[in-house]
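Inspection log for the structure reproduced underneath, given as structure tokens.
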Number of protein chains: 2
Amino acid sequence: MATDIADTGTEESPPIYVQPDVDVDELKRLLDGKYAAIRDLVRANLAAYSSILEEAETMTRPEFRERVREVVVELAATGQTGMGFPEEYGGGGDIGASVAAFETLAFGDLSVLVKVGVQFGLFGGAILQLGTKAHHDAYLADMITAKTMGCFAMTETGHGSNVQALGTVATYDLATHEYVIETHGEDARKDYIGNAADHAELAVVFAQLVVGGTSEGVHAFVVRIRENGEVVPGVHIEDDGQKMGLNGVDNGRIRFDGVRVPRTALLNQFADVTPSGVYESEIENANKRFFTMLGTLVQGRVCVGGGGINAAKVALAIAIKYGLRRRQFEASSDDEEQLLLDYGMHQRRLFPLLARTYALHFAQEVVASQLHEVFSEAEPTPNTEKNRKQLESRAAGTKALGTWHATRTIQECREACGGAGYLSVNRFAALKADTDVFTTFEGDNTVLMQLVAKGLLTDYASDFEDLDQLGTVRFVAGLAVDTVLEKTNVHKLLERIKDVLPGGDDGWDQEAGLRDPEYQLAMYRYREDHMLGGVARRLKRGIDDDMNPGEVFSRVQDHVIGAARAHVERLVLEAFIEKTRAFPDGDVKVALNLLVDLHALSGIENDRAWFMEHGRLTSTRSKAITREVGDLCRKIRPICGDLVDGFGVPDEMLRAPDLVGRR
Amino acid sequence: MATDIADTGTEESPPIYVQPDVDVDELKRLLDGKYAAIRDLVRANLAAYSSILEEAETMTRPEFRERVREVVVELAATGQTGMGFPEEYGGGGDIGASVAAFETLAFGDLSVLVKVGVQFGLFGGAILQLGTKAHHDAYLADMITAKTMGCFAMTETGHGSNVQALGTVATYDLATHEYVIETHGEDARKDYIGNAADHAELAVVFAQLVVGGTSEGVHAFVVRIRENGEVVPGVHIEDDGQKMGLNGVDNGRIRFDGVRVPRTALLNQFADVTPSGVYESEIENANKRFFTMLGTLVQGRVCVGGGGINAAKVALAIAIKYGLRRRQFEASSDDEEQLLLDYGMHQRRLFPLLARTYALHFAQEVVASQLHEVFSEAEPTPNTEKNRKQLESRAAGTKALGTWHATRTIQECREACGGAGYLSVNRFAALKADTDVFTTFEGDNTVLMQLVAKGLLTDYASDFEDLDQLGTVRFVAGLAVDTVLEKTNVHKLLERIKDVLPGGDDGWDQEAGLRDPEYQLAMYRYREDHMLGGVARRLKRGIDDDMNPGEVFSRVQDHVIGAARAHVERLVLEAFIEKTRAFPDGDVKVALNLLVDLHALSGIENDRAWFMEHGRLTSTRSKAITREVGDLCRKIRPICGDLVDGFGVPDEMLRAPDLVGRR
């Protein structure tokens with residue numbers, strides 16, 4: 001964190017720097033991308049329903065829940081929430097558009113966002129992906145209009161992350177051709193289930209399927225839990241009560257006491273039970289079957305990651321607009337106080353987060369478009385399975401980074417707005433409280449990062465997806481480290497990039513220009529490659545030393561998370577650089593390049609200890625990076641207002657009259 | 001963040017490590033210190049009023065505000081809130097006890113804490129410190145029983161940090177011997193004032209005093225704002241409305257429209273106006289007078305810092321108890337899932353924060369006892385003024401570190417408790433929302449760190465306390481860097497410590513044992529000394545280069561904050577080491593030493609990039625520190641439950657039945 005004031009530029013900078021004149025509309029078009037129309041529809045809807053931001057504060061919890069339900073139903077009528085479903089049921093038939101719509105909705109009240117996610121993403125998504133035509137015909141049309149509300153009953157009190165260990169049981173009763181759903185003990189009650197406490201009529205229930213005394217693992221069933229608003233016999237629902245945020249969503253607990261559903265209630269896309277009680281599936285391995293089912297639900301993670309990134313945009317727009325209006329202390333002159341954003345520390349607090357928001361936005365665009373492609377395929381190809389695994393990994397990683405970023409950015413922006421930021425009218429209260437659980441739901445971020453690491457270590461090979469934590473440790477320990485590395489994409493990319501940098505194989509990290517994207521990519525790729533090798537080596541060494549695999553994993557866990565993080569950071573940087581490269585020359589591109597450099601270099605700066613420890617950064621060059629980051633912040637200062645305006649957050653969503661200056 | 005699994009101990013560790021058997025009562029006695037009795041009184045009161053934690057959720061805002069007022073009045077009757085006031089008015093006459101009581105209250109609902117802070121700390125403290133006997137006689141007795149509620153009207157919409165620039169004006173009217181208080185414009189309205197919206201009858205109002213057309217700077221006046229619950233004519237009060245948290249405190253805005261108060265309303269400890277309109281003060285310099293007045297209010301900062309540290313204890317107690325009960329994923333065996341706290345990553349998330357909480361607790365004990373000494377002096381000594389300045393600096397630094405620590409720790413603990421941590425019943429919702437503003441109120445943390453840096457750079461000399469930001473830059477730039485450094489305490493301490501370490505002047509940082517406290521102190525002291533020198537050098541260079549002082553400050557600001565932080569971190573470590581050294585040998589001391597080492601080494605690890613950049617850490621030794629941190633976490637694992645039990649957080653305050661296991 002050093003800015004050497006004697007330094008007035010670096011040798012890597014172009015000799016003459018002309019400050020760009022940013023066209024906000026051009027920037028907004030770039031960010032909105034191919035789904036600009038649906039994003040603008042959502043923006044218009046947000047503005048139309050902007051009173052909900054106040055209603056969140058003034059209404060009682062029951063009133064607010066009803067209001068949110070009402071808004072969700074009305075939004076459904078505009079078509080924005082059904083974009084991802086087949087047209088024959090009233091949907092839009094465009095998965096990419098559905099993700100764009102969801103992300104944009106995150107500019108507004110997040111109870112609405114999450115209720116939309118529960119109804120259309122989780123409940124509707126499970127019916128679509130895990131069910132077959134009979135289920136689609138029965139449920140999709142009314143789900144899309146939100147005439148039928150549903151919930152997604154997966155998590156239990158005792159198990160969230162480890163879904164395979166759920167305690168709810170569905171036993172096939174041969175005599176009646178029904179499943180009997182039963183909650184065994186307090187730990188097995190469904191918990192934190194959105195839409196369950198008040199509104200859902202149907203639930204997709206995940207339970208251990210038992211047929212003829214044999215447990216076939218976790219499967220999903222459509223279960224009616226309310227009839228005309230009344231909870232049905234055998235179902236017991238408890239309200240989860242007040243939460244930190246998202247109090248417009250009715251989360252609850254569900255217990256099943258011998259609830260019977262017909263044989264056709266099993267969502268039978270991947271497995272079925274014949275009337276005579278024979279379990280059948282095209283996927284023989286039980287673990288693989290489970291992960292295949294779960295994998296079809298990846299859209300939820302893609303959506304939450306995008307939601308987090310867009311919530312961060314709202315916070316940045318408010319804090320940066322405030323920093324451009326608020327003055328405090330005479331610093332440059334005896335007569336006038338100085339603008340907050342003319343303080344170096346204030347720039348340092350906000351601008352790297354701004355640059356990272358851009359980076360994550362474009363990384364999210366990539367994962368959303370991969371989702372669209374994979375799920376729009378008419379026929380599977382030989383690559384389909386590996387593509388799906390890579391998509392799942394990328395979605396997990398982007399969700400984790402995007403939601404951690406939201407938590408951090410919103411907090412920093414609140415503090416940067418002082419006491420005013422503490423008043424609810426200024427939005428941070430809701431932003432903080434509502435987004436807090438994003439790092440936990442749709443997969444705990446730490447667990448997701450382990451999933452990313454597992455994919456890297458096993459090369460996404462389907463043979464290994466049935467490995468649990470213990471199995472992965474044993475498997476990796478059995479491989480040569482080089483075998484692990486050579487299969488990875490980053491290893492090949494790293495080899496290639498070193499050829500184009502000055503200094504050759506050994507000196508590129510000393511001689512390349514700091515603002516050369518090839519240099520930045522080489523650093524990110526080197527770190528990933530080296531960390532991954534380190535994990536493999538450590539796992540191997542632990543097992544070779546006869547240590548218990550759990551103990552080995554526990555001790556290597558921070559390296560596992562570190563390697564996964566390095567991997568996802570590399571993907572994010574690549575996405576940002578590729579997008580910027582492809583953009584036509586001009587002032588917006590100059591601005592984008594400043595952001596790329598700030599993002600890449602502040603990322604290296606944050607982890608410069610690691611680079612120094614591993615001989616990839618001298619202390620001189622490390623200090624030069626810190627200086628360059630300070631210099632980039634000063635270059636971004638004159639255009640920072642345009643950069644947040646480009647996000648296109650509707651004015652009504654900024655609220656905060658005292659902070660952004662609309663009284 | 002690396003734990004080398006092949007490492008089974010370090011050369012510095014004692015050859016045989018025997019796990020300590022921690023006596024929780026002994027630990028609690030150590031932490032409670034000399035004020036154990038008052039702390040236990042507060043604990044008993046917290047338990048008696050524990051229903052307030054639920055009432056915070058179930059009541060409407062107006063109801064909750066009334067309930068909090070009621071509880072504050074009842075607590076006052078037990079004596080716990082008046083400990084710091086003279087016995088002749090019904091107080092306890094013990095400032096140290098008053099800080100201990102306040103800190104302990106932070107285990108409970110924080111609206112109660114903050115309302116106590118406003119009434120007795122800010123309002124009562126201003127009357128006591130800025131007023132004279134007539135004010136004491138008139139107000140203290142009823143303030144102590146909370147029969148008269150008051151507020152502290154300093155902050156304005158336009159000015160929080162820069163108090164000298166307040167816009168409210170008090171003009172002396174020679175004809176009537178009154179002051180006329182006037183709010184000029186929206187920016188000058190008092191804002192975020194606790195107790196103002198509903199309950200305060202009196203306000204201590206900070207305003208620019210104008211006598212005979214001359215502005216004499218900011219002074220404090222007692223102004224009646226309500227009479228029998230009704231707002232008096234000329235005073236306009238607006239409610240600040242819903243806030244992120246602390247909704248049991250009635251914050252509001254106050255405008256004064258020609259409000260007249262008698263000449264005796266001026267709190268005249270440091271300055272007065274004669275009936276004939278002559279301004280008199282023993283302190284000639286206006287800046288110095290202002291900072292002297294403000295300095296007497298230091299107790300508020302000491303209290304908020306302690307409150308933050310104790311709020312962090314509640315979060316840690318819940319998260320660690322949960323991590324000792326909750327299992328997820330089979331990692332060590334095929335039959336049983338593993339406890340969260342047996343995962344290395346989970347230890348890494350929580351234990352350095354636990355160790356730091358201990359460190360900050362003892363640092364807080366030092367600053368509280370310095371406060372007690374300075375403010376209990378019967379007569380000023382030649383050192384009084386410098387002691388006060390050092391106390392102010394230390395209070396500012398400890399407040400900033402303690403409250404940043406609270407925000408970070410509570411967030412990490414919430415995430416470590418997963419979705420359950422999101423439910424209000426589990427306490428994190430309130431802890432997060434209520435403590436969020438601690439980093440901002442009683443001095444914005446960033447501004448406070450600048451205050452710390454100014455003290456270091458000017459050696460707390462009273463001649464320089466009238467320097468504003470611009471003046472400080474100009475002053476420091478005029479000094480030789482060596483002059484700045486040689487005056488500092490750390491410079492002398494550093495010289496001394498190097499003598500006792502192996503390797504002499506140049507090699508101590510390569511040869512001393514990592515767990516040697518002298519080594520740890522030397523590293524912290526080296527960093528502070530070097531950073532401070534860097535700030536002085538950079539300021540000098542900027543001014544020598546004819547740069548605008550504001551621009552110089554802006555560019556050096558991150559170094560300024562960095563040096564201040566290094567200073568306070570050194571004080572914290574010293575306090576922790578000294579306390580531990582003085583403790584008799586035994587198992588508790590073994591445990592304390594583990595915590596000292598974990599705190600000191602994880603602090604170095606976090607900043608290892610800086611140490612490497614400045615030649616004080618080789619990459620090999622840096623990695624060894626990371627291994628040692630992992631090893632220390634594994635040693636703390638078996639005693640972590642005892643370490644949080646030692647905090648003595650009443651069971652009723654933990655709440656969280658699902659997390660800590662009392663259903």
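Residue numbers start at 1 in each chain; chains themselves are named A, B, ... in the order of the structure tokens; ligands are numbered from 1 in the order shown.
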
Please run DSSP on the backbone and report, as a ChimeraX atom specification, all residues within region 202-338 of chain A that come out as helix (DSSP H, G or I). /A:263-265,286-295,299-323

When you look at Pro638 (chain A) with a cut-off of 12 Å (counting only C-alpha atoms), what residues show up, excluding the ones that are within fewer than 2 positions of it in the same chain? I need them as a ChimeraX atom specification. /A:18-22,320,324,341-342,347,351,591,632-636,640-643

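If you take only C-alpha atoms and a cut-off of 6 Å, the residues of chain A that reach chain B are Asn162, Gln242, Lys243, Met244, Phe329, Ala331, Ser332, Tyr343, Gly344, Met345, Gly418, Tyr422, Leu423, Ser424, Ala429, Thr440, Leu470, Gly550, Ser554, Arg555, Gln557, Asp558, Ala609, Glu613 and Ser619 of chain A.
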
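The space separating CA of Gly212 (chain A) from CA of Phe256 (chain A) comes to 20.6 Å.
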
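Ranking B:His136, B:Lys389, B:Arg325, B:Arg255 by their shortest atom-to-atom distance to Val169 (chain B), with only C-alpha atoms included, puts B:Arg255 first.
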
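Residues in contact with Thr78 (chain A) at 12 Å, where only C-alpha atoms are counted and same-chain residues fewer than 4 positions away are skipped, are listed as Ile38, Leu41, Val42, Ala44, Asn45, Leu46, Ala48, Val71, Val72, Val73, Glu74, Gly82, Met83, Gly90, Gly91, Gly92, Ala101, Ile144, Thr145 and Ala146 of chain A.
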
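The interatomic distance for the pair CA of Val211 (chain A) and CA of Ala153 (chain A) works out to 21.0 Å.
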
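Computed from the coordinates, the CA of Gly307 (chain A) to CA of Ala106 (chain A) distance equals 5.1 Å.
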
Within 7 Å of region 195-207 of chain B, counting only C-alpha atoms, which residues qualify if same-chain residues fewer than 3 places away don't, as an MDAnalysis selection string? chainID B and resid 123 148:154 166 168:170 218:227 237:239 249:252

Got time to write the residues from that selection, N, CA, C and O atoms, as a compact mmCIF listing (two decimals), in the first residue's frame?
```txt
# COMPACT_ATOMS: atom_id res chain seq x y z
N PHE B 123 -23.58 12.94 26.84
CA PHE B 123 -24.30 14.06 27.47
C PHE B 123 -23.72 14.31 28.87
O PHE B 123 -23.24 15.41 29.17
N THR B 148 -33.51 13.02 33.95
CA THR B 148 -33.39 13.93 32.81
C THR B 148 -32.57 13.26 31.72
O THR B 148 -31.44 12.85 31.95
N MET B 149 -33.16 13.16 30.56
CA MET B 149 -32.44 12.59 29.42
C MET B 149 -31.84 13.73 28.61
O MET B 149 -32.45 14.80 28.45
N GLY B 150 -30.67 13.47 28.08
CA GLY B 150 -30.02 14.50 27.29
C GLY B 150 -29.43 13.95 26.01
O GLY B 150 -29.35 12.74 25.81
N CYS B 151 -29.00 14.84 25.15
CA CYS B 151 -28.32 14.39 23.93
C CYS B 151 -27.09 15.26 23.68
O CYS B 151 -26.86 16.27 24.36
N PHE B 152 -26.30 14.84 22.75
CA PHE B 152 -24.99 15.42 22.47
C PHE B 152 -25.02 15.88 21.02
O PHE B 152 -24.85 15.07 20.11
N ALA B 153 -25.29 17.17 20.84
CA ALA B 153 -25.56 17.67 19.49
C ALA B 153 -24.31 18.28 18.87
O ALA B 153 -24.13 19.49 18.85
N MET B 154 -23.46 17.43 18.40
CA MET B 154 -22.23 17.90 17.77
C MET B 154 -22.31 17.76 16.25
O MET B 154 -22.31 18.74 15.52
N LEU B 166 -18.12 23.30 11.95
CA LEU B 166 -19.57 23.26 12.18
C LEU B 166 -20.24 24.57 11.77
O LEU B 166 -19.62 25.64 11.86
N THR B 168 -23.52 25.64 12.93
CA THR B 168 -24.43 26.23 13.91
C THR B 168 -23.72 27.40 14.61
O THR B 168 -22.54 27.30 14.93
N VAL B 169 -24.47 28.48 14.84
CA VAL B 169 -23.85 29.67 15.42
C VAL B 169 -24.58 30.07 16.71
O VAL B 169 -25.81 30.02 16.78
N ALA B 170 -23.78 30.45 17.74
CA ALA B 170 -24.34 30.98 18.99
C ALA B 170 -23.80 32.41 19.15
O ALA B 170 -22.61 32.59 19.38
N VAL B 218 -15.61 26.87 18.07
CA VAL B 218 -16.68 25.98 18.55
C VAL B 218 -16.68 25.88 20.07
O VAL B 218 -15.63 25.65 20.69
N HIS B 219 -17.85 26.08 20.67
CA HIS B 219 -18.05 25.93 22.11
C HIS B 219 -19.33 25.13 22.35
O HIS B 219 -20.14 24.98 21.44
N ALA B 220 -19.49 24.67 23.60
CA ALA B 220 -20.65 23.84 23.92
C ALA B 220 -21.60 24.57 24.87
O ALA B 220 -21.16 25.25 25.80
N PHE B 221 -22.91 24.41 24.62
CA PHE B 221 -23.96 25.09 25.38
C PHE B 221 -25.01 24.07 25.81
O PHE B 221 -25.32 23.15 25.05
N VAL B 222 -25.56 24.28 27.00
CA VAL B 222 -26.69 23.44 27.39
C VAL B 222 -27.96 24.12 26.92
O VAL B 222 -28.23 25.28 27.27
N VAL B 223 -28.73 23.42 26.12
CA VAL B 223 -29.93 24.00 25.53
C VAL B 223 -31.11 23.08 25.80
O VAL B 223 -31.04 21.88 25.53
N ARG B 224 -32.18 23.66 26.34
CA ARG B 224 -33.39 22.85 26.54
C ARG B 224 -34.06 22.67 25.20
O ARG B 224 -34.30 23.64 24.48
N ILE B 225 -34.35 21.43 24.85
CA ILE B 225 -35.04 21.20 23.57
C ILE B 225 -36.45 20.66 23.77
O ILE B 225 -37.27 20.73 22.87
N ARG B 226 -36.72 20.13 24.97
CA ARG B 226 -38.10 19.69 25.30
C ARG B 226 -38.44 20.13 26.71
O ARG B 226 -37.58 20.19 27.58
N GLU B 227 -39.71 20.40 26.90
CA GLU B 227 -40.23 20.74 28.23
C GLU B 227 -41.41 19.80 28.45
O GLU B 227 -42.36 19.82 27.66
N ILE B 237 -37.38 19.43 15.37
CA ILE B 237 -36.77 18.10 15.42
C ILE B 237 -37.42 17.19 14.40
O ILE B 237 -38.64 17.15 14.25
N GLU B 238 -36.55 16.47 13.69
CA GLU B 238 -37.00 15.53 12.68
C GLU B 238 -36.42 14.17 13.07
O GLU B 238 -35.31 14.11 13.60
N ASP B 239 -37.14 13.13 12.78
CA ASP B 239 -36.66 11.79 13.10
C ASP B 239 -35.74 11.29 11.98
O ASP B 239 -36.05 11.47 10.81
N VAL B 249 -32.55 3.20 19.55
CA VAL B 249 -32.06 4.55 19.86
C VAL B 249 -32.73 5.52 18.90
O VAL B 249 -32.78 5.29 17.69
N ASP B 250 -33.24 6.61 19.46
CA ASP B 250 -34.03 7.58 18.70
C ASP B 250 -33.13 8.68 18.16
O ASP B 250 -32.98 9.74 18.76
N ASN B 251 -32.53 8.42 16.99
CA ASN B 251 -31.68 9.45 16.39
C ASN B 251 -32.51 10.47 15.64
O ASN B 251 -33.50 10.12 15.01
N GLY B 252 -32.05 11.70 15.69
CA GLY B 252 -32.81 12.73 15.01
C GLY B 252 -31.98 13.90 14.55
O GLY B 252 -30.77 13.97 14.78
```

I want to know what sits within 8 Å of Arg260 (chain A), based on only C-alpha atoms, with residues of the same chain fewer than 5 positions away left out; could you give that as a ChimeraX atom specification? /A:178-181

For Ala600 (chain A), work out the shell of residues within 10 Å, counting only C-alpha atoms and skipping chain neighbours fewer than 2 positions away, then give it as a ChimeraX atom specification. /A:352,355-356,359,514-515,517,519-521,523-524,569-570,572-574,576-577,594-598,602-605,629

Would you output that residue set with N, CA, C and O atoms, as a JSON list (two decimals), in the first residue's frame?
```json
[["chain", "number", "residue", "atom", "x", "y", "z"],
["A", 352, "PRO", "N", -10.22, 0.06, -6.91],
["A", 352, "PRO", "CA", -9.96, -1.36, -7.22],
["A", 352, "PRO", "C", -11.25, -2.20, -7.17],
["A", 352, "PRO", "O", -11.42, -3.13, -7.96],
["A", 355, "ALA", "N", -12.99, -1.54, -10.48],
["A", 355, "ALA", "CA", -12.35, -2.29, -11.57],
["A", 355, "ALA", "C", -12.71, -3.77, -11.49],
["A", 355, "ALA", "O", -13.00, -4.42, -12.50],
["A", 356, "ARG", "N", -12.73, -4.29, -10.29],
["A", 356, "ARG", "CA", -13.05, -5.71, -10.11],
["A", 356, "ARG", "C", -14.51, -5.99, -10.47],
["A", 356, "ARG", "O", -14.84, -7.07, -10.96],
["A", 359, "ALA", "N", -14.54, -6.45, -14.06],
["A", 359, "ALA", "CA", -13.94, -7.74, -14.40],
["A", 359, "ALA", "C", -14.94, -8.87, -14.16],
["A", 359, "ALA", "O", -15.14, -9.74, -15.02],
["A", 514, "LEU", "N", 4.55, -3.74, -16.91],
["A", 514, "LEU", "CA", 3.50, -4.06, -15.93],
["A", 514, "LEU", "C", 2.11, -3.99, -16.55],
["A", 514, "LEU", "O", 1.21, -4.72, -16.16],
["A", 515, "ARG", "N", 1.96, -3.09, -17.52],
["A", 515, "ARG", "CA", 0.63, -2.92, -18.11],
["A", 515, "ARG", "C", 0.43, -3.77, -19.36],
["A", 515, "ARG", "O", -0.57, -3.61, -20.07],
["A", 517, "PRO", "N", -0.86, -6.91, -20.92],
["A", 517, "PRO", "CA", -1.79, -7.96, -20.47],
["A", 517, "PRO", "C", -1.17, -9.37, -20.51],
["A", 517, "PRO", "O", -1.56, -10.23, -19.72],
["A", 519, "TYR", "N", 1.83, -10.11, -19.66],
["A", 519, "TYR", "CA", 2.54, -10.24, -18.38],
["A", 519, "TYR", "C", 1.55, -10.54, -17.26],
["A", 519, "TYR", "O", 1.74, -11.44, -16.44],
["A", 520, "GLN", "N", 0.47, -9.78, -17.23],
["A", 520, "GLN", "CA", -0.52, -9.98, -16.17],
["A", 520, "GLN", "C", -1.09, -11.40, -16.22],
["A", 520, "GLN", "O", -1.19, -12.08, -15.19],
["A", 521, "LEU", "N", -1.42, -11.85, -17.42],
["A", 521, "LEU", "CA", -1.95, -13.21, -17.56],
["A", 521, "LEU", "C", -0.91, -14.25, -17.13],
["A", 521, "LEU", "O", -1.25, -15.24, -16.48],
["A", 523, "MET", "N", 1.41, -13.98, -14.94],
["A", 523, "MET", "CA", 1.49, -14.03, -13.48],
["A", 523, "MET", "C", 0.32, -14.83, -12.90],
["A", 523, "MET", "O", 0.49, -15.66, -12.02],
["A", 524, "TYR", "N", -0.88, -14.54, -13.37],
["A", 524, "TYR", "CA", -2.06, -15.25, -12.86],
["A", 524, "TYR", "C", -1.97, -16.75, -13.18],
["A", 524, "TYR", "O", -2.34, -17.58, -12.38],
["A", 569, "GLU", "N", -9.68, -16.68, -10.44],
["A", 569, "GLU", "CA", -9.14, -15.33, -10.71],
["A", 569, "GLU", "C", -8.55, -15.26, -12.12],
["A", 569, "GLU", "O", -8.69, -14.25, -12.80],
["A", 570, "ARG", "N", -7.90, -16.33, -12.52],
["A", 570, "ARG", "CA", -7.32, -16.35, -13.86],
["A", 570, "ARG", "C", -8.43, -16.29, -14.91],
["A", 570, "ARG", "O", -8.34, -15.55, -15.90],
["A", 572, "VAL", "N", -11.35, -14.99, -14.61],
["A", 572, "VAL", "CA", -11.95, -13.65, -14.57],
["A", 572, "VAL", "C", -11.07, -12.67, -15.36],
["A", 572, "VAL", "O", -11.56, -11.90, -16.20],
["A", 573, "LEU", "N", -9.78, -12.72, -15.11],
["A", 573, "LEU", "CA", -8.88, -11.80, -15.81],
["A", 573, "LEU", "C", -8.90, -12.07, -17.31],
["A", 573, "LEU", "O", -8.95, -11.14, -18.12],
["A", 574, "GLU", "N", -8.87, -13.33, -17.69],
["A", 574, "GLU", "CA", -8.92, -13.66, -19.12],
["A", 574, "GLU", "C", -10.17, -13.11, -19.77],
["A", 574, "GLU", "O", -10.13, -12.56, -20.88],
["A", 576, "PHE", "N", -11.96, -10.58, -18.89],
["A", 576, "PHE", "CA", -11.92, -9.12, -18.96],
["A", 576, "PHE", "C", -10.97, -8.67, -20.08],
["A", 576, "PHE", "O", -11.29, -7.78, -20.88],
["A", 577, "ILE", "N", -9.83, -9.30, -20.16],
["A", 577, "ILE", "CA", -8.86, -8.92, -21.20],
["A", 577, "ILE", "C", -9.39, -9.24, -22.59],
["A", 577, "ILE", "O", -9.28, -8.41, -23.51],
["A", 594, "LEU", "N", -7.63, 0.95, -18.57],
["A", 594, "LEU", "CA", -7.26, 1.40, -17.21],
["A", 594, "LEU", "C", -7.85, 0.44, -16.17],
["A", 594, "LEU", "O", -7.19, 0.07, -15.20],
["A", 595, "LEU", "N", -9.08, 0.04, -16.41],
["A", 595, "LEU", "CA", -9.75, -0.84, -15.45],
["A", 595, "LEU", "C", -9.12, -2.23, -15.44],
["A", 595, "LEU", "O", -8.93, -2.85, -14.38],
["A", 596, "VAL", "N", -8.79, -2.73, -16.63],
["A", 596, "VAL", "CA", -8.12, -4.04, -16.71],
["A", 596, "VAL", "C", -6.82, -3.98, -15.91],
["A", 596, "VAL", "O", -6.53, -4.85, -15.08],
["A", 597, "ASP", "N", -6.04, -2.94, -16.17],
["A", 597, "ASP", "CA", -4.74, -2.84, -15.50],
["A", 597, "ASP", "C", -4.91, -2.71, -13.99],
["A", 597, "ASP", "O", -4.18, -3.33, -13.22],
["A", 598, "LEU", "N", -5.87, -1.89, -13.59],
["A", 598, "LEU", "CA", -6.07, -1.71, -12.14],
["A", 598, "LEU", "C", -6.51, -3.03, -11.51],
["A", 598, "LEU", "O", -6.04, -3.41, -10.43],
["A", 602, "SER", "N", -3.88, -4.70, -9.06],
["A", 602, "SER", "CA", -4.22, -4.71, -7.63],
["A", 602, "SER", "C", -4.40, -6.14, -7.16],
["A", 602, "SER", "O", -4.12, -6.45, -6.00],
["A", 603, "GLY", "N", -4.79, -7.03, -8.07],
["A", 603, "GLY", "CA", -4.83, -8.46, -7.72],
["A", 603, "GLY", "C", -3.45, -9.00, -7.41],
["A", 603, "GLY", "O", -3.26, -9.75, -6.44],
["A", 604, "ILE", "N", -2.50, -8.64, -8.22],
["A", 604, "ILE", "CA", -1.11, -9.08, -7.94],
["A", 604, "ILE", "C", -0.61, -8.43, -6.66],
["A", 604, "ILE", "O", 0.02, -9.07, -5.82],
["A", 605, "GLU", "N", -0.94, -7.15, -6.49],
["A", 605, "GLU", "CA", -0.51, -6.45, -5.28],
["A", 605, "GLU", "C", -1.04, -7.12, -4.02],
["A", 605, "GLU", "O", -0.31, -7.32, -3.04],
["A", 629, "VAL", "N", -0.51, 1.10, -9.28],
["A", 629, "VAL", "CA", -1.91, 1.05, -8.83],
["A", 629, "VAL", "C", -2.36, 2.45, -8.40],
["A", 629, "VAL", "O", -3.46, 2.91, -8.75]]
```

In region 68-312 of chain A, what's strand (DSSP E or B) per DSSP? Answer as number ranges by chain? A: 150-153, 156, 169-173, 178-182, 190-193, 202-211, 214-224, 226-227, 230-231, 235-239, 243, 252-262, 266, 272-273, 279-280

Which residues are close to Leu53 (chain B), i.e. within 8 Å by only C-alpha atoms, leaving aside same-chain residues fewer than 6 positions away? Reply as number ranges by chain. B: 108-109, 653

Atoms kept (N, CA and C atoms) for selection, written as a short mmCIF file (atom, residue, chain, number, x, y, z; two decimals), in the first residue's frame:
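Printed below is result.cif as written:
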```cif
data_model
loop_
_atom_site.label_atom_id
_atom_site.label_comp_id
_atom_site.auth_asym_id
_atom_site.auth_seq_id
_atom_site.Cartn_x
_atom_site.Cartn_y
_atom_site.Cartn_z
N GLY B 108 -24.75 -7.57 25.48
CA GLY B 108 -26.21 -7.61 25.31
C GLY B 108 -26.70 -6.80 24.13
N ASP B 109 -27.95 -6.37 24.21
CA ASP B 109 -28.53 -5.58 23.12
C ASP B 109 -27.77 -4.26 22.99
N MET B 653 -27.17 -14.34 26.73
CA MET B 653 -26.78 -13.41 25.67
C MET B 653 -26.34 -14.14 24.41
#
```
